[in-house]
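J.: Contents of query00.csv (CSV, C-alpha atoms and all ligand atoms) are below:
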chain,number,residue,atom,x,y,z
A,18,MET,CA,-13.8,20.4,11.8
A,19,GLY,CA,-15.4,17.9,9.5
A,20,ARG,CA,-16.6,14.4,10.3
A,21,VAL,CA,-14.6,12.3,12.5
A,22,HIS,CA,-12.9,9.5,10.6
A,23,PRO,CA,-13.3,6.0,12.1
A,24,LEU,CA,-9.6,5.8,12.4
A,25,ALA,CA,-9.3,9.1,14.2
A,26,ALA,CA,-9.0,7.5,17.6
A,27,LEU,CA,-6.4,5.1,16.4
A,28,LEU,CA,-4.4,7.9,14.7
A,29,LEU,CA,-4.7,10.0,17.9
A,30,ALA,CA,-3.3,7.1,19.9
A,31,ALA,CA,-0.5,6.7,17.4
A,32,ALA,CA,0.1,10.4,17.6
A,33,VAL,CA,0.4,10.3,21.4
A,34,ALA,CA,2.8,7.5,21.1
A,35,ALA,CA,4.8,9.4,18.5
A,36,ALA,CA,4.7,12.6,20.4
A,37,GLN,CA,8.3,12.4,21.3
A,38,GLU,CA,9.3,11.8,17.7
A,39,ALA,CA,9.9,14.5,15.2
A,40,PRO,CA,7.1,14.9,12.6
A,41,VAL,CA,7.5,12.9,9.4
A,42,PRO,CA,8.9,15.4,6.8
A,43,ASN,CA,6.4,15.9,4.0
A,44,LEU,CA,8.0,16.9,0.7
A,45,VAL,CA,4.6,18.2,-0.5
A,46,ALA,CA,3.8,21.8,0.6
A,47,ASN,CA,0.3,22.5,2.0
A,48,GLY,CA,-0.7,18.8,1.4
A,49,SER,CA,-3.7,19.2,3.6
A,50,PHE,CA,-5.0,22.3,1.8
A,51,GLU,CA,-5.1,24.4,5.0
A,52,GLN,CA,-3.2,27.4,3.7
A,53,LEU,CA,-4.9,29.7,1.2
A,54,THR,CA,-3.7,32.6,-0.9
A,55,ASP,CA,-5.3,36.0,-0.6
A,56,ALA,CA,-7.4,35.0,-3.6
A,57,GLY,CA,-8.7,31.9,-1.7
A,58,GLN,CA,-6.6,29.4,-3.7
A,59,ALA,CA,-4.7,26.5,-2.1
A,60,THR,CA,-1.2,27.8,-1.6
A,61,GLY,CA,1.5,25.9,-3.5
A,62,TRP,CA,-0.7,24.0,-5.9
A,63,GLU,CA,-1.2,24.6,-9.6
A,64,VAL,CA,-4.8,23.9,-10.5
A,65,LYS,CA,-6.2,23.3,-14.0
A,66,PRO,CA,-9.9,23.0,-13.5
A,67,SER,CA,-12.2,21.4,-16.1
A,68,ALA,CA,-14.4,24.5,-15.8
A,69,ALA,CA,-13.9,27.9,-14.2
A,70,ASP,CA,-15.6,26.9,-10.9
A,71,ALA,CA,-14.8,23.2,-10.8
A,72,VAL,CA,-12.2,23.3,-8.1
A,73,ALA,CA,-12.7,25.0,-4.7
A,74,ILE,CA,-11.8,24.7,-1.0
A,75,ASP,CA,-14.4,22.8,1.0
A,76,ASN,CA,-14.5,23.6,4.7
A,77,VAL,CA,-17.2,21.0,5.5
A,78,GLN,CA,-15.7,17.8,4.1
A,79,CYS,CA,-12.2,17.1,5.2
A,80,TYR,CA,-10.0,14.2,6.1
A,81,ALA,CA,-7.4,16.2,8.1
A,82,GLY,CA,-7.3,19.7,9.5
A,83,HIS,CA,-10.3,21.9,8.7
A,84,GLN,CA,-10.8,21.7,4.9
A,85,SER,CA,-10.1,19.8,1.7
A,86,LEU,CA,-9.9,20.5,-2.0
A,87,ARG,CA,-13.1,19.7,-3.8
A,88,VAL,CA,-13.6,19.0,-7.5
A,89,ARG,CA,-17.1,19.1,-8.8
A,90,GLN,CA,-17.7,18.8,-12.5
A,91,THR,CA,-20.1,17.5,-15.1
A,92,ALA,CA,-17.4,16.5,-17.6
A,93,GLY,CA,-13.7,16.9,-18.4
A,94,VAL,CA,-10.6,16.5,-16.4
A,95,SER,CA,-9.3,18.7,-13.5
A,96,THR,CA,-5.7,18.5,-12.6
A,97,ILE,CA,-4.1,19.6,-9.3
A,98,GLN,CA,-0.3,19.4,-9.2
A,99,GLN,CA,2.9,20.5,-7.5
A,100,ASP,CA,6.6,20.1,-8.2
A,101,CYS,CA,9.1,18.8,-5.7
A,102,ARG,CA,12.6,17.3,-5.7
A,103,PRO,CA,12.7,14.1,-3.7
A,104,PRO,CA,16.2,12.6,-3.2
A,105,ALA,CA,17.1,9.2,-4.7
A,106,ALA,CA,15.5,6.9,-2.2
A,107,ARG,CA,12.2,5.0,-1.8
A,108,HIS,CA,9.3,7.3,-1.3
A,109,LEU,CA,5.7,6.8,-0.4
A,110,LEU,CA,3.0,8.9,-2.1
A,111,VAL,CA,-0.3,9.1,-0.1
A,112,CYS,CA,-3.5,10.8,-1.1
A,113,TRP,CA,-6.8,10.7,0.8
A,114,VAL,CA,-9.8,10.8,-1.5
A,115,LYS,CA,-13.5,10.8,-1.1
A,116,ARG,CA,-15.7,10.6,-4.2
A,117,GLU,CA,-19.3,10.6,-5.5
A,118,GLY,CA,-20.4,9.7,-9.0
A,119,PRO,CA,-18.4,8.0,-11.7
A,120,ALA,CA,-15.4,10.4,-11.8
A,121,ALA,CA,-12.1,8.6,-11.8
A,122,VAL,CA,-9.6,9.9,-9.2
A,123,ARG,CA,-5.9,9.2,-9.6
A,124,GLY,CA,-2.7,10.2,-7.8
A,125,GLN,CA,0.6,10.1,-9.7
A,126,ALA,CA,4.2,11.0,-9.3
A,127,VAL,CA,5.5,12.0,-12.7
A,128,GLY,CA,9.1,12.6,-13.8
A,129,PRO,CA,10.4,15.5,-15.9
A,130,ALA,CA,9.9,13.6,-19.2
A,131,GLY,CA,6.3,12.8,-18.3
A,132,GLN,CA,7.2,9.3,-17.2
A,133,VAL,CA,4.8,7.9,-14.5
A,134,LEU,CA,6.9,6.9,-11.5
A,135,ALA,CA,4.1,5.9,-9.3
A,136,GLU,CA,0.3,5.8,-9.6
A,137,ALA,CA,-2.7,4.8,-7.6
A,138,ALA,CA,-6.4,5.1,-8.5
A,139,ALA,CA,-9.4,5.4,-6.2
A,140,LEU,CA,-11.7,2.4,-5.9
A,141,PRO,CA,-15.3,2.8,-7.0
A,142,ASP,CA,-18.1,2.0,-4.5
A,143,VAL,CA,-16.2,3.3,-1.5
A,144,PRO,CA,-18.5,6.0,0.1
A,145,ASP,CA,-16.0,7.1,2.7
A,146,TRP,CA,-12.5,8.5,2.6
A,147,GLN,CA,-10.1,6.1,1.1
A,148,VAL,CA,-6.3,6.3,0.9
A,149,LEU,CA,-4.4,6.0,-2.4
A,150,GLN,CA,-0.8,5.0,-1.9
A,151,ALA,CA,2.1,4.1,-4.1
A,152,THR,CA,5.9,3.7,-3.6
A,153,PHE,CA,8.6,4.7,-6.0
A,154,ASN,CA,12.3,5.6,-6.1
A,155,PRO,CA,12.8,8.8,-8.2
A,156,GLY,CA,16.5,7.9,-8.7
A,157,GLU,CA,18.3,10.8,-10.3
A,158,VAL,CA,15.3,12.2,-12.2
A,159,GLY,CA,15.4,15.5,-10.2
A,160,GLN,CA,12.1,17.2,-10.4
A,161,VAL,CA,9.0,15.1,-9.7
A,162,THR,CA,5.4,16.4,-10.2
A,163,ILE,CA,2.8,15.2,-7.8
A,164,ARG,CA,-0.4,15.2,-9.9
A,165,LEU,CA,-4.0,14.5,-8.8
A,166,THR,CA,-6.6,14.1,-11.6
A,167,VAL,CA,-10.3,13.9,-11.5
A,168,ASP,CA,-11.7,12.6,-14.7
A,169,GLY,CA,-15.3,12.6,-15.7
A,170,PRO,CA,-18.6,13.7,-14.0
A,171,GLY,CA,-18.8,13.6,-10.3
A,172,THR,CA,-17.4,15.1,-7.1
A,173,ALA,CA,-14.1,14.3,-5.5
A,174,TRP,CA,-12.6,15.6,-2.3
A,175,LEU,CA,-8.8,15.5,-1.9
A,176,ASP,CA,-6.9,15.9,1.3
A,177,GLU,CA,-3.7,15.0,3.2
A,178,ILE,CA,-1.4,14.6,0.2
A,179,LEU,CA,1.9,13.2,1.5
A,180,LEU,CA,5.3,12.4,-0.1
A,181,VAL,CA,7.5,10.9,2.6
A,182,ALA,CA,10.5,8.6,2.8
A,183,ALA,CA,9.0,5.1,2.5
A,184,GLU,CA,10.6,4.1,5.9
A,185,HIS,CA,8.0,6.3,7.6
A,186,ALA,CA,5.0,4.3,6.0
A,187,ALA,CA,3.9,2.8,9.3
A,188,ARG,CA,3.7,6.3,10.8
A,189,VAL,CA,1.6,7.9,8.1
A,190,LEU,CA,-0.7,5.1,7.1
A,191,PRO,CA,-3.6,3.7,9.1
A,192,ALA,CA,-2.9,0.3,10.5
A,193,GLU,CA,-5.1,-2.4,9.1
A,194,ARG,CA,-5.0,-4.5,12.2
A,195,PRO,CA,-4.2,-1.9,14.9
A,196,ALA,CA,-5.4,-3.9,17.9
A,197,THR,CA,-2.7,-6.5,17.5
A,198,GLY,CA,0.2,-4.1,17.7
A,199,ARG,CA,3.7,-5.0,16.7
A,200,ASN,CA,4.4,-6.5,13.3
A,201,LEU,CA,7.4,-8.8,13.6
A,202,ALA,CA,7.9,-8.9,9.9
A,203,LEU,CA,8.1,-5.1,9.3
A,204,HIS,CA,11.2,-4.4,7.3
A,205,LYS,CA,12.5,-7.9,7.8
A,206,PRO,CA,14.4,-9.5,4.9
A,207,TYR,CA,12.9,-12.3,2.9
A,208,SER,CA,13.6,-14.5,-0.1
A,209,TYR,CA,11.3,-16.1,-2.5
A,210,SER,CA,11.2,-19.1,-4.8
A,211,PRO,CA,10.7,-18.8,-7.6
A,212,ALA,CA,11.5,-15.1,-8.4
A,213,PRO,CA,8.4,-12.9,-8.9
A,214,GLY,CA,7.6,-12.4,-12.6
A,215,TYR,CA,4.9,-10.1,-13.8
A,216,ASP,CA,5.9,-7.0,-15.8
A,217,LEU,CA,3.6,-4.4,-14.4
A,218,CYS,CA,4.4,-4.9,-10.7
A,219,THR,CA,7.8,-6.6,-10.8
A,220,ASP,CA,10.6,-4.1,-10.0
A,221,PRO,CA,13.9,-4.2,-8.1
A,222,ASP,CA,12.1,-3.2,-4.9
A,223,ASP,CA,10.2,-6.5,-4.9
A,224,VAL,CA,12.9,-7.6,-2.4
A,225,VAL,CA,11.5,-5.2,0.2
A,226,GLN,CA,7.9,-4.6,-0.7
A,227,LEU,CA,6.3,-7.6,1.1
A,228,THR,CA,7.4,-6.3,4.5
A,229,ASP,CA,7.7,-2.5,4.0
A,230,GLY,CA,4.4,-1.7,5.8
A,231,VAL,CA,2.8,-0.4,2.6
A,232,TYR,CA,-0.5,-2.0,1.8
A,233,THR,CA,-1.5,-1.7,-1.9
A,234,LYS,CA,-5.1,-0.9,-2.5
A,235,GLY,CA,-6.8,-0.9,-5.9
A,236,HIS,CA,-5.6,-2.8,-8.9
A,237,PHE,CA,-2.7,-4.8,-7.5
A,238,TRP,CA,-1.2,-6.1,-10.6
A,239,SER,CA,-0.3,-2.7,-12.0
A,240,GLN,CA,1.2,-1.2,-8.9
A,241,LYS,CA,4.9,-1.6,-8.2
A,242,SER,CA,4.3,-2.0,-4.5
A,243,THR,CA,2.9,-5.5,-5.0
A,244,VAL,CA,4.8,-8.6,-5.7
A,245,GLY,CA,3.2,-10.9,-8.4
A,246,TRP,CA,3.8,-14.3,-9.7
A,247,LEU,CA,2.4,-15.7,-13.0
A,248,ARG,CA,1.9,-19.4,-13.5
A,249,GLN,CA,3.8,-20.2,-10.4
A,250,ASN,CA,3.1,-21.3,-6.8
A,251,PRO,CA,5.3,-18.9,-5.0
A,252,GLN,CA,6.9,-19.5,-1.6
A,253,VAL,CA,8.3,-16.7,0.5
A,254,THR,CA,10.7,-17.2,3.5
A,255,ILE,CA,10.9,-14.3,6.0
A,256,ASP,CA,14.0,-14.1,8.3
A,257,LEU,CA,12.8,-12.6,11.6
A,258,GLY,CA,16.4,-12.1,12.7
A,259,ARG,CA,16.0,-14.1,15.9
A,260,VAL,CA,13.7,-16.6,17.5
A,261,GLU,CA,10.3,-14.8,18.2
A,262,ALA,CA,7.0,-16.0,19.6
A,263,ILE,CA,4.4,-15.9,16.9
A,264,ASP,CA,0.7,-15.8,17.5
A,265,GLY,CA,-0.7,-15.0,14.1
A,266,MET,CA,-0.2,-13.6,10.7
A,267,ALA,CA,-1.9,-11.6,8.0
A,268,ILE,CA,-1.6,-11.3,4.3
A,269,SER,CA,-3.1,-9.0,1.8
A,270,VAL,CA,-4.3,-10.5,-1.4
A,271,ALA,CA,-5.7,-9.4,-4.7
A,272,GLY,CA,-7.5,-11.0,-7.6
A,273,GLY,CA,-11.1,-11.0,-8.7
A,274,GLY,CA,-10.5,-11.8,-12.3
A,275,TRP,CA,-9.3,-8.4,-13.5
A,276,ALA,CA,-6.7,-8.9,-16.1
A,277,GLY,CA,-6.9,-12.6,-15.3
A,278,VAL,CA,-5.5,-12.2,-11.8
A,279,MET,CA,-7.3,-14.5,-9.4
A,280,PHE,CA,-7.4,-14.9,-5.7
A,281,PRO,CA,-5.3,-17.6,-4.1
A,282,VAL,CA,-7.2,-20.6,-2.8
A,283,GLU,CA,-4.9,-21.4,0.1
A,284,PHE,CA,-2.0,-20.2,2.1
A,285,ARG,CA,0.3,-22.6,4.0
A,286,PHE,CA,2.5,-21.4,6.8
A,287,TYR,CA,5.6,-23.2,8.0
A,288,VAL,CA,8.2,-22.3,10.6
A,289,SER,CA,11.9,-23.3,11.1
A,290,ASP,CA,14.9,-22.4,13.2
A,291,ASP,CA,17.3,-23.8,10.6
A,292,ASP,CA,19.9,-21.2,9.6
A,293,ALA,CA,20.1,-22.9,6.3
A,294,CYS,CA,17.0,-20.8,5.5
A,295,ARG,CA,19.3,-17.8,5.1
A,296,ARG,CA,20.6,-19.3,1.8
A,297,LEU,CA,17.2,-19.5,0.2
A,298,GLY,CA,17.5,-16.3,-1.8
A,299,ASP,CA,18.6,-18.3,-4.8
A,300,GLU,CA,15.5,-19.1,-6.8
A,301,LYS,CA,16.9,-22.5,-7.6
A,302,ALA,CA,17.2,-23.4,-4.0
A,303,ASP,CA,15.3,-26.4,-2.8
A,304,LEU,CA,13.3,-25.2,0.2
A,305,ASN,CA,12.6,-28.8,1.2
A,306,GLN,CA,16.3,-29.2,2.2
A,307,VAL,CA,15.4,-27.3,5.3
A,308,LYS,CA,13.3,-28.9,8.1
A,309,TRP,CA,10.0,-27.0,8.2
A,310,THR,CA,7.1,-27.4,10.7
A,311,HIS,CA,3.7,-26.8,9.1
A,312,ILE,CA,1.7,-24.7,11.5
A,313,LEU,CA,-1.3,-23.4,9.5
A,314,LYS,CA,-3.3,-24.0,6.4
A,315,CYS,CA,-5.7,-21.2,5.5
A,316,ALA,CA,-8.5,-21.6,3.0
A,317,MET,CA,-9.0,-18.2,1.4
A,318,GLU,CA,-12.2,-16.5,0.5
A,319,LYS,CA,-12.7,-15.3,-3.1
A,320,LYS,CA,-12.3,-11.6,-2.4
A,321,GLU,CA,-9.7,-8.9,-2.0
A,322,TYR,CA,-8.9,-8.4,1.7
A,323,TRP,CA,-6.6,-8.6,4.6
A,324,ALA,CA,-6.7,-12.3,5.6
A,325,ASP,CA,-5.9,-12.5,9.3
A,326,PHE,CA,-5.1,-15.8,11.1
A,327,LYS,CA,-4.5,-16.6,14.7
A,328,LEU,CA,-2.7,-19.7,15.8
A,329,ASP,CA,-4.3,-22.1,18.3
A,330,LYS,CA,-1.3,-21.6,20.5
A,331,PRO,CA,1.8,-19.5,19.9
A,332,VAL,CA,5.0,-21.0,18.3
A,333,LYS,CA,8.6,-19.9,18.5
A,334,ALA,CA,10.6,-19.6,15.3
A,335,LYS,CA,13.2,-17.6,13.5
A,336,TYR,CA,12.0,-18.2,9.9
A,337,ILE,CA,8.5,-18.2,8.4
A,338,ARG,CA,7.7,-19.8,5.1
A,339,ILE,CA,4.5,-19.0,3.3
A,340,GLU,CA,3.1,-20.8,0.2
A,341,LEU,CA,0.4,-19.5,-2.0
A,342,VAL,CA,-1.4,-22.5,-3.4
A,343,ARG,CA,-3.5,-22.5,-6.5
A,344,ASN,CA,-6.1,-19.9,-7.3
A,345,HIS,CA,-9.9,-19.5,-7.7
A,346,GLY,CA,-9.6,-19.1,-11.4
A,347,THR,CA,-10.1,-21.4,-14.3
A,348,PRO,CA,-8.1,-23.4,-15.0
A,349,PRO,CA,-7.0,-23.8,-11.4
A,350,ASP,CA,-3.6,-25.1,-12.5
A,351,LEU,CA,-2.7,-21.7,-13.9
A,352,PRO,CA,-2.0,-19.8,-10.7
A,353,TRP,CA,-1.6,-16.1,-11.0
A,354,THR,CA,-1.5,-14.6,-7.6
A,355,GLU,CA,-0.3,-11.4,-6.1
A,356,THR,CA,0.3,-10.1,-2.7
A,357,SER,CA,1.2,-6.8,-1.2
A,358,GLU,CA,2.1,-7.3,2.4
A,359,LEU,CA,2.8,-10.0,5.0
A,360,LYS,CA,2.5,-9.4,8.7
A,361,ILE,CA,3.6,-11.6,11.6
A,362,TYR,CA,2.2,-11.0,15.0
A,363,PRO,CA,3.5,-11.8,18.5
A,364,PRO,CA,1.2,-12.8,21.3
A,365,LYS,CA,-0.4,-9.9,23.1
A,401,CA,CA,-7.1,19.3,5.2
Can the structure in the file be given as structure tokens, please?
T.:
Amino acid sequence: MGRVHPLAALLLAAAVAAAQEAPVPNLVANGSFEQLTDAGQATGWEVKPSAADAVAIDNVQCYAGHQSLRVRQTAGVSTIQQDCRPPAARHLLVCWVKREGPAAVRGQAVGPAGQVLAEAAALPDVPDWQVLQATFNPGEVGQVTIRLTVDGPGTAWLDEILLVAAEHAARVLPAERPATGRNLALHKPYSYSPAPGYDLCTDPDDVVQLTDGVYTKGHFWSQKSTVGWLRQNPQVTIDLGRVEAIDGMAISVAGGGWAGVMFPVEFRFYVSDDDACRRLGDEKADLNQVKWTHILKCAMEKKEYWADFKLDKPVKAKYIRIELVRNHGTPPDLPWTETSELKIYPPK
């Protein structure tokens, strides 16, 4: 067994809670690199190393099980891939990666014509294991290749490669705020005004991605699992389905000036019990026709993170409205903000 990941205890607790449930089916075979052929190769994976000895099993470093797949190279690109046939439904691709040196590490789902269906890249400057994740719907493409690439000099360890139905995201991904427990917003419907509009991350699934439990890491604006707005101050209304006690909320944000995307300056949270909120899916709808109670104004730091807010005292509401207001960029009247996930917490 390798090092104990900081999340191991939490994952263990989750595993105990889920013990009565069937395991989440993984469409990737041998995703944890625990099974080897007689020749000592990872069963089920096609490996194209940058050099003869660039790719090997490592039984010291691992994220899950007892071993991982290690790529160590001075130049070139190593590719590790496997074909599968996911059905037409939203899927989540997960790759755990640890890296040293400048090598770029990427996980992709690629269709039969070479089209990239989903992609996530490892962040630099993360010394520990990090999770790459991306959602996609293969539609009717048939065969999908799960492809991991390590490009350039350095060392990368790959482990726990998962392709699962996206509805299982909360069971296979670490919780960012585990101590707080239940997320009232998970899989809840929402509407937005105006409609999101940014080519690289706008896709039909924008209507579910804010509450699907999938937190986007890395370059937000180019990942389909985020919802982005250009030159707009977006508002999102979440329908919790019934009146719930609310104690806090969290939102994941991106920015930092890459490609001009900047961090939001402020979030404003409102609540309402007015069922007129249900009609707010129309982007031309006037949200101010509904009576809203302003409960929280959150000044944001200029960084990519999960912003987490607790109310002074819990409120009860059926609808939550969130406004992203301005950004940290220049000029400030050109808001370009993105978000991946919203969470609403009940009192403990
Ligand atoms: Ca493993």
J.: Applying 12 Å and all atoms listed in the file, which residues near A:Pro103 remain after dropping the ones on its own chain fewer than 2 positions away? List them as a VMD selection string.
T.: chain A and resid 42 to 45 100 to 101 105 to 110 126 to 128 153 to 163 180 to 183
J.: Please produce an output containing C-alpha atoms for each residue in the selection, written as a PDB file, keeping the file's coordinate frame.
T.:
ATOM      1  CA  PRO A  42       8.900  15.400   6.800  1.00  0.00           C
ATOM      2  CA  ASN A  43       6.400  15.900   4.000  1.00  0.00           C
ATOM      3  CA  LEU A  44       8.000  16.900   0.700  1.00  0.00           C
ATOM      4  CA  VAL A  45       4.600  18.200  -0.500  1.00  0.00           C
ATOM      5  CA  ASP A 100       6.600  20.100  -8.200  1.00  0.00           C
ATOM      6  CA  CYS A 101       9.100  18.800  -5.700  1.00  0.00           C
ATOM      7  CA  ALA A 105      17.100   9.200  -4.700  1.00  0.00           C
ATOM      8  CA  ALA A 106      15.500   6.900  -2.200  1.00  0.00           C
ATOM      9  CA  ARG A 107      12.200   5.000  -1.800  1.00  0.00           C
ATOM     10  CA  HIS A 108       9.300   7.300  -1.300  1.00  0.00           C
ATOM     11  CA  LEU A 109       5.700   6.800  -0.400  1.00  0.00           C
ATOM     12  CA  LEU A 110       3.000   8.900  -2.100  1.00  0.00           C
ATOM     13  CA  ALA A 126       4.200  11.000  -9.300  1.00  0.00           C
ATOM     14  CA  VAL A 127       5.500  12.000 -12.700  1.00  0.00           C
ATOM     15  CA  GLY A 128       9.100  12.600 -13.800  1.00  0.00           C
ATOM     16  CA  PHE A 153       8.600   4.700  -6.000  1.00  0.00           C
ATOM     17  CA  ASN A 154      12.300   5.600  -6.100  1.00  0.00           C
ATOM     18  CA  PRO A 155      12.800   8.800  -8.200  1.00  0.00           C
ATOM     19  CA  GLY A 156      16.500   7.900  -8.700  1.00  0.00           C
ATOM     20  CA  GLU A 157      18.300  10.800 -10.300  1.00  0.00           C
ATOM     21  CA  VAL A 158      15.300  12.200 -12.200  1.00  0.00           C
ATOM     22  CA  GLY A 159      15.400  15.500 -10.200  1.00  0.00           C
ATOM     23  CA  GLN A 160      12.100  17.200 -10.400  1.00  0.00           C
ATOM     24  CA  VAL A 161       9.000  15.100  -9.700  1.00  0.00           C
ATOM     25  CA  THR A 162       5.400  16.400 -10.200  1.00  0.00           C
ATOM     26  CA  ILE A 163       2.800  15.200  -7.800  1.00  0.00           C
ATOM     27  CA  LEU A 180       5.300  12.400  -0.100  1.00  0.00           C
ATOM     28  CA  VAL A 181       7.500  10.900   2.600  1.00  0.00           C
ATOM     29  CA  ALA A 182      10.500   8.600   2.800  1.00  0.00           C
ATOM     30  CA  ALA A 183       9.000   5.100   2.500  1.00  0.00           C
TER      31      ALA A 183
END
J.: What separation in Å, quoted to one decimal, exists between atom CA of A:Asp75 and atom CA of A:Lys115?
T.: 12.2 Å
J.: Show me which residues are within 6 Å of ligand CA 401 (chain A) counting all atoms listed in the file, and format the list as a PDB file with C-alpha atoms, keeping the file's coordinate frame.
T.:
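Result file selection-v3.pdb:
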ATOM      1  CA  SER A  49      -3.700  19.200   3.600  1.00  0.00           C
ATOM      2  CA  PHE A  50      -5.000  22.300   1.800  1.00  0.00           C
ATOM      3  CA  GLU A  51      -5.100  24.400   5.000  1.00  0.00           C
ATOM      4  CA  CYS A  79     -12.200  17.100   5.200  1.00  0.00           C
ATOM      5  CA  TYR A  80     -10.000  14.200   6.100  1.00  0.00           C
ATOM      6  CA  ALA A  81      -7.400  16.200   8.100  1.00  0.00           C
ATOM      7  CA  GLY A  82      -7.300  19.700   9.500  1.00  0.00           C
ATOM      8  CA  HIS A  83     -10.300  21.900   8.700  1.00  0.00           C
ATOM      9  CA  GLN A  84     -10.800  21.700   4.900  1.00  0.00           C
ATOM     10  CA  SER A  85     -10.100  19.800   1.700  1.00  0.00           C
ATOM     11  CA  ASP A 176      -6.900  15.900   1.300  1.00  0.00           C
ATOM     12  CA  GLU A 177      -3.700  15.000   3.200  1.00  0.00           C
TER      13      GLU A 177
END
J.: From the set A:Thr310, A:Ser289, A:Gln150, A:Thr254, which residue has the shortest atom-to-atom contact distance to A:Lys335, counting only C-alpha atoms?
T.: A:Ser289
J.: Expressed in Å to a single decimal, how great is the separation between atom CA of A:Ile361 and atom CA of A:Asp264?
T.: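 If I compute the distance from atom CA of A:Ile361 to atom CA of A:Asp264, I get 7.8 Å.
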J.: Which residue gives the smallest distance to A:Val111 among A:Ala334, A:Met317, A:Val41, A:Ala137, with all atoms listed in the file counted?
T.: A:Ala137
J.: Atom CA of A:Cys294 and atom CA of A:Leu359, how far apart in Å?
T.: 17.8 Å
